[in-house]
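S.K.: Input file: start-v4.cif. Contents: mmCIF, N, CA and C atoms.
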```cif
data_model
loop_
_atom_site.label_atom_id
_atom_site.label_comp_id
_atom_site.auth_asym_id
_atom_site.auth_seq_id
_atom_site.Cartn_x
_atom_site.Cartn_y
_atom_site.Cartn_z
N MET A 129 95.86 239.22 -40.94
CA MET A 129 95.10 238.00 -40.88
C MET A 129 93.67 238.33 -40.49
N GLU A 130 92.70 237.70 -41.17
CA GLU A 130 91.30 237.95 -40.86
C GLU A 130 90.96 237.39 -39.49
N ALA A 131 90.11 238.08 -38.75
CA ALA A 131 89.75 237.66 -37.40
C ALA A 131 89.17 236.26 -37.36
N ASN A 132 88.35 235.90 -38.35
CA ASN A 132 87.74 234.57 -38.33
C ASN A 132 88.72 233.46 -38.69
N LEU A 133 89.93 233.80 -39.07
CA LEU A 133 90.95 232.81 -39.38
C LEU A 133 91.95 232.62 -38.25
N VAL A 134 91.70 233.25 -37.13
CA VAL A 134 92.58 233.11 -35.98
C VAL A 134 92.02 232.04 -35.06
N THR A 135 92.86 231.09 -34.71
CA THR A 135 92.42 230.02 -33.81
C THR A 135 92.41 230.53 -32.38
N ASP A 136 91.33 230.26 -31.69
CA ASP A 136 91.20 230.62 -30.28
C ASP A 136 92.32 229.95 -29.50
N PRO A 137 93.10 230.70 -28.74
CA PRO A 137 94.21 230.10 -27.98
C PRO A 137 93.78 228.94 -27.08
N LYS A 138 92.52 228.89 -26.67
CA LYS A 138 92.04 227.81 -25.80
C LYS A 138 91.99 226.47 -26.53
N ILE A 139 91.99 226.48 -27.85
CA ILE A 139 91.93 225.21 -28.58
C ILE A 139 93.18 224.96 -29.43
N LEU A 140 94.27 225.61 -29.10
CA LEU A 140 95.51 225.38 -29.84
C LEU A 140 95.96 223.93 -29.74
N ASN A 141 95.67 223.27 -28.61
CA ASN A 141 96.04 221.86 -28.48
C ASN A 141 95.28 221.01 -29.51
N VAL A 142 94.02 221.35 -29.76
CA VAL A 142 93.23 220.64 -30.77
C VAL A 142 93.81 220.90 -32.15
N LEU A 143 94.11 222.15 -32.44
CA LEU A 143 94.71 222.50 -33.72
C LEU A 143 95.99 221.71 -33.95
N ASN A 144 96.84 221.66 -32.95
CA ASN A 144 98.11 220.94 -33.09
C ASN A 144 97.89 219.45 -33.33
N GLU A 145 96.91 218.86 -32.67
CA GLU A 145 96.61 217.45 -32.89
C GLU A 145 96.10 217.21 -34.31
N LEU A 146 95.24 218.11 -34.79
CA LEU A 146 94.71 217.96 -36.14
C LEU A 146 95.80 218.15 -37.20
N ILE A 147 96.70 219.08 -36.96
CA ILE A 147 97.81 219.30 -37.90
C ILE A 147 98.62 218.02 -38.06
N GLN A 148 98.83 217.29 -36.97
CA GLN A 148 99.60 216.05 -37.04
C GLN A 148 98.92 214.98 -37.89
N ARG A 149 97.64 215.12 -38.10
CA ARG A 149 96.88 214.13 -38.87
C ARG A 149 96.62 214.56 -40.31
N GLU A 150 96.95 215.76 -40.66
CA GLU A 150 96.59 216.28 -41.98
C GLU A 150 97.78 216.22 -42.92
N PRO A 151 97.66 215.77 -44.12
CA PRO A 151 96.46 215.15 -44.65
C PRO A 151 96.32 213.73 -44.12
N ILE A 152 95.17 213.42 -43.56
CA ILE A 152 94.95 212.19 -42.79
C ILE A 152 95.26 210.93 -43.59
N PHE A 153 94.94 210.90 -44.85
CA PHE A 153 95.14 209.68 -45.61
C PHE A 153 96.56 209.55 -46.16
N HIS A 154 97.41 210.49 -45.84
CA HIS A 154 98.78 210.46 -46.34
C HIS A 154 99.77 210.27 -45.19
N ARG A 155 99.29 209.71 -44.12
CA ARG A 155 100.12 209.43 -42.94
C ARG A 155 100.11 207.92 -42.73
N PRO A 156 101.07 207.21 -43.33
CA PRO A 156 101.07 205.75 -43.21
C PRO A 156 101.06 205.25 -41.76
N GLU A 157 101.61 206.04 -40.86
CA GLU A 157 101.63 205.63 -39.46
C GLU A 157 100.23 205.60 -38.84
N LEU A 158 99.26 206.24 -39.49
CA LEU A 158 97.88 206.23 -39.01
C LEU A 158 97.06 205.11 -39.64
N GLY A 159 97.59 204.49 -40.66
CA GLY A 159 96.89 203.39 -41.31
C GLY A 159 97.22 203.30 -42.78
N ARG A 160 97.13 202.08 -43.31
CA ARG A 160 97.45 201.84 -44.72
C ARG A 160 96.41 201.01 -45.44
N THR A 161 95.45 200.50 -44.71
CA THR A 161 94.47 199.60 -45.32
C THR A 161 93.10 200.26 -45.40
N ARG A 162 92.26 199.68 -46.24
CA ARG A 162 90.89 200.20 -46.35
C ARG A 162 90.20 200.16 -44.99
N ALA A 163 90.42 199.07 -44.24
CA ALA A 163 89.82 198.96 -42.90
C ALA A 163 90.29 200.10 -42.00
N ASP A 164 91.58 200.45 -42.10
CA ASP A 164 92.10 201.58 -41.32
C ASP A 164 91.37 202.86 -41.70
N PHE A 165 91.22 203.11 -43.00
CA PHE A 165 90.57 204.33 -43.47
C PHE A 165 89.10 204.37 -43.10
N GLU A 166 88.45 203.21 -43.15
CA GLU A 166 87.05 203.14 -42.74
C GLU A 166 86.90 203.49 -41.27
N GLN A 167 87.86 203.04 -40.47
CA GLN A 167 87.79 203.32 -39.03
C GLN A 167 88.07 204.79 -38.73
N MET A 168 88.83 205.47 -39.59
CA MET A 168 89.14 206.89 -39.39
C MET A 168 88.01 207.81 -39.79
N THR A 169 87.04 207.28 -40.53
CA THR A 169 85.96 208.12 -41.05
C THR A 169 84.61 207.52 -40.67
N GLU A 170 83.62 208.35 -40.59
CA GLU A 170 82.27 207.84 -40.34
C GLU A 170 81.55 207.68 -41.67
N SER A 171 80.42 207.05 -41.63
CA SER A 171 79.71 206.70 -42.86
C SER A 171 79.29 207.92 -43.69
N THR A 172 79.13 209.08 -43.07
CA THR A 172 78.71 210.28 -43.80
C THR A 172 79.90 211.14 -44.24
N PHE A 173 81.12 210.64 -44.07
CA PHE A 173 82.33 211.38 -44.44
C PHE A 173 82.31 211.73 -45.93
N TRP A 174 82.80 212.91 -46.25
CA TRP A 174 83.10 213.33 -47.61
C TRP A 174 84.25 214.31 -47.54
N GLU A 175 84.92 214.51 -48.65
CA GLU A 175 86.11 215.35 -48.68
C GLU A 175 86.01 216.34 -49.82
N VAL A 176 86.60 217.51 -49.61
CA VAL A 176 86.70 218.50 -50.67
C VAL A 176 88.15 218.50 -51.13
N GLY A 177 88.36 218.26 -52.41
CA GLY A 177 89.71 218.23 -52.97
C GLY A 177 90.24 219.63 -53.22
N ALA A 178 91.51 219.69 -53.61
CA ALA A 178 92.16 220.97 -53.89
C ALA A 178 91.43 221.73 -55.00
N SER A 179 90.76 221.00 -55.88
CA SER A 179 90.02 221.63 -56.98
C SER A 179 88.72 222.26 -56.52
N GLY A 180 88.30 221.91 -55.28
CA GLY A 180 87.01 222.37 -54.78
C GLY A 180 85.90 221.35 -55.01
N ARG A 181 86.25 220.25 -55.68
CA ARG A 181 85.26 219.20 -55.95
C ARG A 181 85.02 218.37 -54.70
N ARG A 182 83.77 217.95 -54.51
CA ARG A 182 83.40 217.13 -53.37
C ARG A 182 83.50 215.65 -53.76
N TYR A 183 84.14 214.86 -52.88
CA TYR A 183 84.33 213.44 -53.12
C TYR A 183 83.63 212.63 -52.04
N SER A 184 82.92 211.59 -52.45
CA SER A 184 82.21 210.73 -51.50
C SER A 184 83.19 209.86 -50.71
N ARG A 185 82.73 209.34 -49.61
CA ARG A 185 83.55 208.42 -48.80
C ARG A 185 83.96 207.22 -49.64
N GLN A 186 83.02 206.65 -50.38
CA GLN A 186 83.31 205.47 -51.21
C GLN A 186 84.44 205.78 -52.19
N TYR A 187 84.35 206.92 -52.86
CA TYR A 187 85.38 207.31 -53.82
C TYR A 187 86.73 207.46 -53.14
N VAL A 188 86.76 208.14 -52.01
CA VAL A 188 88.02 208.36 -51.28
C VAL A 188 88.61 207.02 -50.85
N LEU A 189 87.79 206.14 -50.29
CA LEU A 189 88.29 204.83 -49.85
C LEU A 189 88.82 204.02 -51.03
N ASP A 190 88.13 204.05 -52.16
CA ASP A 190 88.59 203.35 -53.36
C ASP A 190 89.95 203.89 -53.82
N GLU A 191 90.07 205.21 -53.86
CA GLU A 191 91.32 205.84 -54.31
C GLU A 191 92.48 205.55 -53.35
N MET A 192 92.20 205.58 -52.05
CA MET A 192 93.27 205.31 -51.08
C MET A 192 93.72 203.86 -51.17
N GLU A 193 92.79 202.97 -51.39
CA GLU A 193 93.12 201.55 -51.55
C GLU A 193 94.05 201.37 -52.76
N LYS A 194 93.75 202.03 -53.87
CA LYS A 194 94.60 201.97 -55.07
C LYS A 194 95.97 202.59 -54.79
N ARG A 195 95.97 203.73 -54.12
CA ARG A 195 97.21 204.46 -53.86
C ARG A 195 98.18 203.64 -53.01
N TYR A 196 97.66 202.97 -51.99
CA TYR A 196 98.53 202.18 -51.13
C TYR A 196 98.91 200.84 -51.76
N ALA A 197 98.18 200.39 -52.78
CA ALA A 197 98.55 199.17 -53.50
C ALA A 197 99.78 199.41 -54.37
N SER A 198 99.95 200.63 -54.86
CA SER A 198 101.10 201.02 -55.68
C SER A 198 101.65 202.34 -55.16
N PRO A 199 102.31 202.30 -54.01
CA PRO A 199 102.75 203.56 -53.39
C PRO A 199 103.81 204.31 -54.20
N GLU A 200 103.68 205.62 -54.17
CA GLU A 200 104.66 206.53 -54.76
C GLU A 200 105.02 207.55 -53.70
N GLU A 201 106.12 208.25 -53.90
CA GLU A 201 106.52 209.27 -52.93
C GLU A 201 105.46 210.35 -52.87
N ASP A 202 105.07 210.69 -51.65
CA ASP A 202 104.06 211.73 -51.43
C ASP A 202 104.74 213.08 -51.30
N THR A 203 104.24 214.06 -52.01
CA THR A 203 104.84 215.40 -51.97
C THR A 203 103.85 216.43 -51.44
N TRP A 204 102.86 215.97 -50.66
CA TRP A 204 101.86 216.89 -50.12
C TRP A 204 102.50 217.91 -49.20
N GLN A 205 102.03 219.12 -49.31
CA GLN A 205 102.42 220.18 -48.39
C GLN A 205 101.13 220.81 -47.85
N THR A 206 101.10 221.00 -46.55
CA THR A 206 99.95 221.65 -45.94
C THR A 206 100.44 222.83 -45.13
N ARG A 207 99.60 223.85 -45.03
CA ARG A 207 100.02 225.06 -44.31
C ARG A 207 98.80 225.91 -43.98
N ASP A 208 99.03 226.96 -43.24
CA ASP A 208 98.00 227.95 -42.92
C ASP A 208 96.77 227.34 -42.25
N PHE A 209 97.00 226.51 -41.26
CA PHE A 209 95.91 225.86 -40.56
C PHE A 209 95.19 226.80 -39.61
N HIS A 210 93.91 226.59 -39.47
CA HIS A 210 93.07 227.30 -38.51
C HIS A 210 92.08 226.29 -37.95
N CYS A 211 91.61 226.55 -36.77
CA CYS A 211 90.68 225.63 -36.13
C CYS A 211 89.56 226.43 -35.49
N LEU A 212 88.36 225.88 -35.59
CA LEU A 212 87.17 226.52 -35.04
C LEU A 212 86.29 225.43 -34.45
N GLU A 213 85.81 225.62 -33.24
CA GLU A 213 84.86 224.67 -32.65
C GLU A 213 83.48 224.99 -33.23
N ILE A 214 82.92 224.02 -33.96
CA ILE A 214 81.64 224.24 -34.62
C ILE A 214 80.47 223.68 -33.82
N ALA A 215 80.76 222.83 -32.86
CA ALA A 215 79.78 222.27 -31.92
C ALA A 215 80.61 221.68 -30.78
N ALA A 216 79.98 221.34 -29.71
CA ALA A 216 80.73 220.80 -28.57
C ALA A 216 81.61 219.63 -29.02
N GLU A 217 82.92 219.78 -28.80
CA GLU A 217 83.89 218.75 -29.13
C GLU A 217 83.97 218.40 -30.61
N ASN A 218 83.55 219.31 -31.48
CA ASN A 218 83.64 219.13 -32.93
C ASN A 218 84.38 220.33 -33.51
N TYR A 219 85.45 220.03 -34.25
CA TYR A 219 86.33 221.09 -34.74
C TYR A 219 86.54 220.99 -36.23
#
```
How does the structure come out when it is put into C-alpha cells?

M.R.:
Amino acid sequence: MEANLVTDPKILNVLNELIQREPIFHRPELGRTRADFEQMTESTFWEVGASGRRYSRQYVLDEMEKRYASPEEDTWQTRDFHCLEIAAENY
C-alpha cells in the first residue's frame, strides 16, 4: 500500500464516520428529498463520478430527485477508503 493512501490512526474515527455515509446520496436513512440533499451539501458542492466526469451540485440534486421519485434497488459497492485531513476539521 502506498504511504499516502494510509489513513493516520489518529483520524480513524473520522474515516469510519465517513464510510457510514458513502455513497452519501444512496443512504435513504440520511435523507430522501431534495431538501435533505441540499442540507447535506453546500452551495459549492460538486461530485466526481466513476467515469471521472465532474458533476455540478444542480445536476446531482436533479438526478437524486429523479432517482428517489422512481426508486430501484441500489447495487453500489464501495471499498478501499482512505482519509486525509486537508485543513483543520476538513477531511

S.K.: Counting all atoms listed in the file, figure out which residue out of A:Arg182, A:His154, A:Arg160, A:His210 gets nearest to A:Asp136.

M.R.: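 Under the stated criterion, the closest residue is A:His210.
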
S.K.: Can you work out which one of A:Leu189, A:Pro151, A:Ser184, A:Thr203 has the shortest atom-to-atom distance to A:Thr172, counting only N, CA and C atoms?

M.R.: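 Smallest separation from A:Thr172 among the options: A:Ser184.
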
S.K.: At a cut-off of 8 Å, using all atoms listed in the file, what residues contact A:Arg162? Leave out same-chain residues fewer than 5 positions from it and give the result as a PyMOL selection string.

M.R.: chain A and resi 167-168+189-190+192-193

S.K.: So what do you get for atom C of A:Ala163 versus atom CA of A:Ala215, distance-wise?

M.R.: 26.5 Å

S.K.: Decode the PyMOL selection byres ((chain A and resi 135) around 8) for the given file into explicit residues and return them as a CSV table (one decimal) with N, CA and C atoms, in the frame of the given file.

M.R.:
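Result file is expr-v7.csv:
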```csv
chain,number,residue,atom,x,y,z
A,131,ALA,N,90.1,238.1,-38.8
A,131,ALA,CA,89.8,237.7,-37.4
A,131,ALA,C,89.2,236.3,-37.4
A,132,ASN,N,88.4,235.9,-38.4
A,132,ASN,CA,87.7,234.6,-38.3
A,132,ASN,C,88.7,233.5,-38.7
A,133,LEU,N,89.9,233.8,-39.1
A,133,LEU,CA,91.0,232.8,-39.4
A,133,LEU,C,92.0,232.6,-38.2
A,134,VAL,N,91.7,233.2,-37.1
A,134,VAL,CA,92.6,233.1,-36.0
A,134,VAL,C,92.0,232.0,-35.1
A,136,ASP,N,91.3,230.3,-31.7
A,136,ASP,CA,91.2,230.6,-30.3
A,136,ASP,C,92.3,230.0,-29.5
A,137,PRO,N,93.1,230.7,-28.7
A,137,PRO,CA,94.2,230.1,-28.0
A,137,PRO,C,93.8,228.9,-27.1
A,138,LYS,N,92.5,228.9,-26.7
A,138,LYS,CA,92.0,227.8,-25.8
A,138,LYS,C,92.0,226.5,-26.5
A,139,ILE,N,92.0,226.5,-27.8
A,139,ILE,CA,91.9,225.2,-28.6
A,139,ILE,C,93.2,225.0,-29.4
A,140,LEU,N,94.3,225.6,-29.1
A,140,LEU,CA,95.5,225.4,-29.8
A,140,LEU,C,96.0,223.9,-29.7
A,143,LEU,N,94.1,222.2,-32.4
A,143,LEU,CA,94.7,222.5,-33.7
A,143,LEU,C,96.0,221.7,-34.0
A,209,PHE,N,97.0,226.5,-41.3
A,209,PHE,CA,95.9,225.9,-40.6
A,209,PHE,C,95.2,226.8,-39.6
A,210,HIS,N,93.9,226.6,-39.5
A,210,HIS,CA,93.1,227.3,-38.5
A,210,HIS,C,92.1,226.3,-38.0
A,211,CYS,N,91.6,226.6,-36.8
A,211,CYS,CA,90.7,225.6,-36.1
A,211,CYS,C,89.6,226.4,-35.5
A,212,LEU,N,88.4,225.9,-35.6
A,212,LEU,CA,87.2,226.5,-35.0
A,212,LEU,C,86.3,225.4,-34.4
A,213,GLU,N,85.8,225.6,-33.2
A,213,GLU,CA,84.9,224.7,-32.6
A,213,GLU,C,83.5,225.0,-33.2
```

S.K.: In Å, with one decimal, what is the gap from atom C of A:Gly159 to atom C of A:Glu200?

M.R.: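 Atom C of A:Gly159 sits 14.1 Å away from atom C of A:Glu200.
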
S.K.: According to DSSP computed on the backbone, where in stretch 129-209 of chain A is there helix (DSSP H, G or I)? Give the residues as a VMD selection string.

M.R.: chain A and resid 131 to 133 137 to 149 152 to 154 156 to 158 162 to 168 185 to 197

S.K.: I need the residues from that last selection saved to file as a short mmCIF file (atom, residue, chain, number, x, y, z; two decimals), keeping the file's coordinate frame (with N, CA and C atoms), if you can.

M.R.:
```
data_model
loop_
_atom_site.label_atom_id
_atom_site.label_comp_id
_atom_site.auth_asym_id
_atom_site.auth_seq_id
_atom_site.Cartn_x
_atom_site.Cartn_y
_atom_site.Cartn_z
N ALA A 131 90.11 238.08 -38.75
CA ALA A 131 89.75 237.66 -37.40
C ALA A 131 89.17 236.26 -37.36
N ASN A 132 88.35 235.90 -38.35
CA ASN A 132 87.74 234.57 -38.33
C ASN A 132 88.72 233.46 -38.69
N LEU A 133 89.93 233.80 -39.07
CA LEU A 133 90.95 232.81 -39.38
C LEU A 133 91.95 232.62 -38.25
N PRO A 137 93.10 230.70 -28.74
CA PRO A 137 94.21 230.10 -27.98
C PRO A 137 93.78 228.94 -27.08
N LYS A 138 92.52 228.89 -26.67
CA LYS A 138 92.04 227.81 -25.80
C LYS A 138 91.99 226.47 -26.53
N ILE A 139 91.99 226.48 -27.85
CA ILE A 139 91.93 225.21 -28.58
C ILE A 139 93.18 224.96 -29.43
N LEU A 140 94.27 225.61 -29.10
CA LEU A 140 95.51 225.38 -29.84
C LEU A 140 95.96 223.93 -29.74
N ASN A 141 95.67 223.27 -28.61
CA ASN A 141 96.04 221.86 -28.48
C ASN A 141 95.28 221.01 -29.51
N VAL A 142 94.02 221.35 -29.76
CA VAL A 142 93.23 220.64 -30.77
C VAL A 142 93.81 220.90 -32.15
N LEU A 143 94.11 222.15 -32.44
CA LEU A 143 94.71 222.50 -33.72
C LEU A 143 95.99 221.71 -33.95
N ASN A 144 96.84 221.66 -32.95
CA ASN A 144 98.11 220.94 -33.09
C ASN A 144 97.89 219.45 -33.33
N GLU A 145 96.91 218.86 -32.67
CA GLU A 145 96.61 217.45 -32.89
C GLU A 145 96.10 217.21 -34.31
N LEU A 146 95.24 218.11 -34.79
CA LEU A 146 94.71 217.96 -36.14
C LEU A 146 95.80 218.15 -37.20
N ILE A 147 96.70 219.08 -36.96
CA ILE A 147 97.81 219.30 -37.90
C ILE A 147 98.62 218.02 -38.06
N GLN A 148 98.83 217.29 -36.97
CA GLN A 148 99.60 216.05 -37.04
C GLN A 148 98.92 214.98 -37.89
N ARG A 149 97.64 215.12 -38.10
CA ARG A 149 96.88 214.13 -38.87
C ARG A 149 96.62 214.56 -40.31
N ILE A 152 95.17 213.42 -43.56
CA ILE A 152 94.95 212.19 -42.79
C ILE A 152 95.26 210.93 -43.59
N PHE A 153 94.94 210.90 -44.85
CA PHE A 153 95.14 209.68 -45.61
C PHE A 153 96.56 209.55 -46.16
N HIS A 154 97.41 210.49 -45.84
CA HIS A 154 98.78 210.46 -46.34
C HIS A 154 99.77 210.27 -45.19
N PRO A 156 101.07 207.21 -43.33
CA PRO A 156 101.07 205.75 -43.21
C PRO A 156 101.06 205.25 -41.76
N GLU A 157 101.61 206.04 -40.86
CA GLU A 157 101.63 205.63 -39.46
C GLU A 157 100.23 205.60 -38.84
N LEU A 158 99.26 206.24 -39.49
CA LEU A 158 97.88 206.23 -39.01
C LEU A 158 97.06 205.11 -39.64
N ARG A 162 92.26 199.68 -46.24
CA ARG A 162 90.89 200.20 -46.35
C ARG A 162 90.20 200.16 -44.99
N ALA A 163 90.42 199.07 -44.24
CA ALA A 163 89.82 198.96 -42.90
C ALA A 163 90.29 200.10 -42.00
N ASP A 164 91.58 200.45 -42.10
CA ASP A 164 92.10 201.58 -41.32
C ASP A 164 91.37 202.86 -41.70
N PHE A 165 91.22 203.11 -43.00
CA PHE A 165 90.57 204.33 -43.47
C PHE A 165 89.10 204.37 -43.10
N GLU A 166 88.45 203.21 -43.15
CA GLU A 166 87.05 203.14 -42.74
C GLU A 166 86.90 203.49 -41.27
N GLN A 167 87.86 203.04 -40.47
CA GLN A 167 87.79 203.32 -39.03
C GLN A 167 88.07 204.79 -38.73
N MET A 168 88.83 205.47 -39.59
CA MET A 168 89.14 206.89 -39.39
C MET A 168 88.01 207.81 -39.79
N ARG A 185 82.73 209.34 -49.61
CA ARG A 185 83.55 208.42 -48.80
C ARG A 185 83.96 207.22 -49.64
N GLN A 186 83.02 206.65 -50.38
CA GLN A 186 83.31 205.47 -51.21
C GLN A 186 84.44 205.78 -52.19
N TYR A 187 84.35 206.92 -52.86
CA TYR A 187 85.38 207.31 -53.82
C TYR A 187 86.73 207.46 -53.14
N VAL A 188 86.76 208.14 -52.01
CA VAL A 188 88.02 208.36 -51.28
C VAL A 188 88.61 207.02 -50.85
N LEU A 189 87.79 206.14 -50.29
CA LEU A 189 88.29 204.83 -49.85
C LEU A 189 88.82 204.02 -51.03
N ASP A 190 88.13 204.05 -52.16
CA ASP A 190 88.59 203.35 -53.36
C ASP A 190 89.95 203.89 -53.82
N GLU A 191 90.07 205.21 -53.86
CA GLU A 191 91.32 205.84 -54.31
C GLU A 191 92.48 205.55 -53.35
N MET A 192 92.20 205.58 -52.05
CA MET A 192 93.27 205.31 -51.08
C MET A 192 93.72 203.86 -51.17
N GLU A 193 92.79 202.97 -51.39
CA GLU A 193 93.12 201.55 -51.55
C GLU A 193 94.05 201.37 -52.76
N LYS A 194 93.75 202.03 -53.87
CA LYS A 194 94.60 201.97 -55.07
C LYS A 194 95.97 202.59 -54.79
N ARG A 195 95.97 203.73 -54.12
CA ARG A 195 97.21 204.46 -53.86
C ARG A 195 98.18 203.64 -53.01
N TYR A 196 97.66 202.97 -51.99
CA TYR A 196 98.53 202.18 -51.13
C TYR A 196 98.91 200.84 -51.76
N ALA A 197 98.18 200.39 -52.78
CA ALA A 197 98.55 199.17 -53.50
C ALA A 197 99.78 199.41 -54.37
#
```
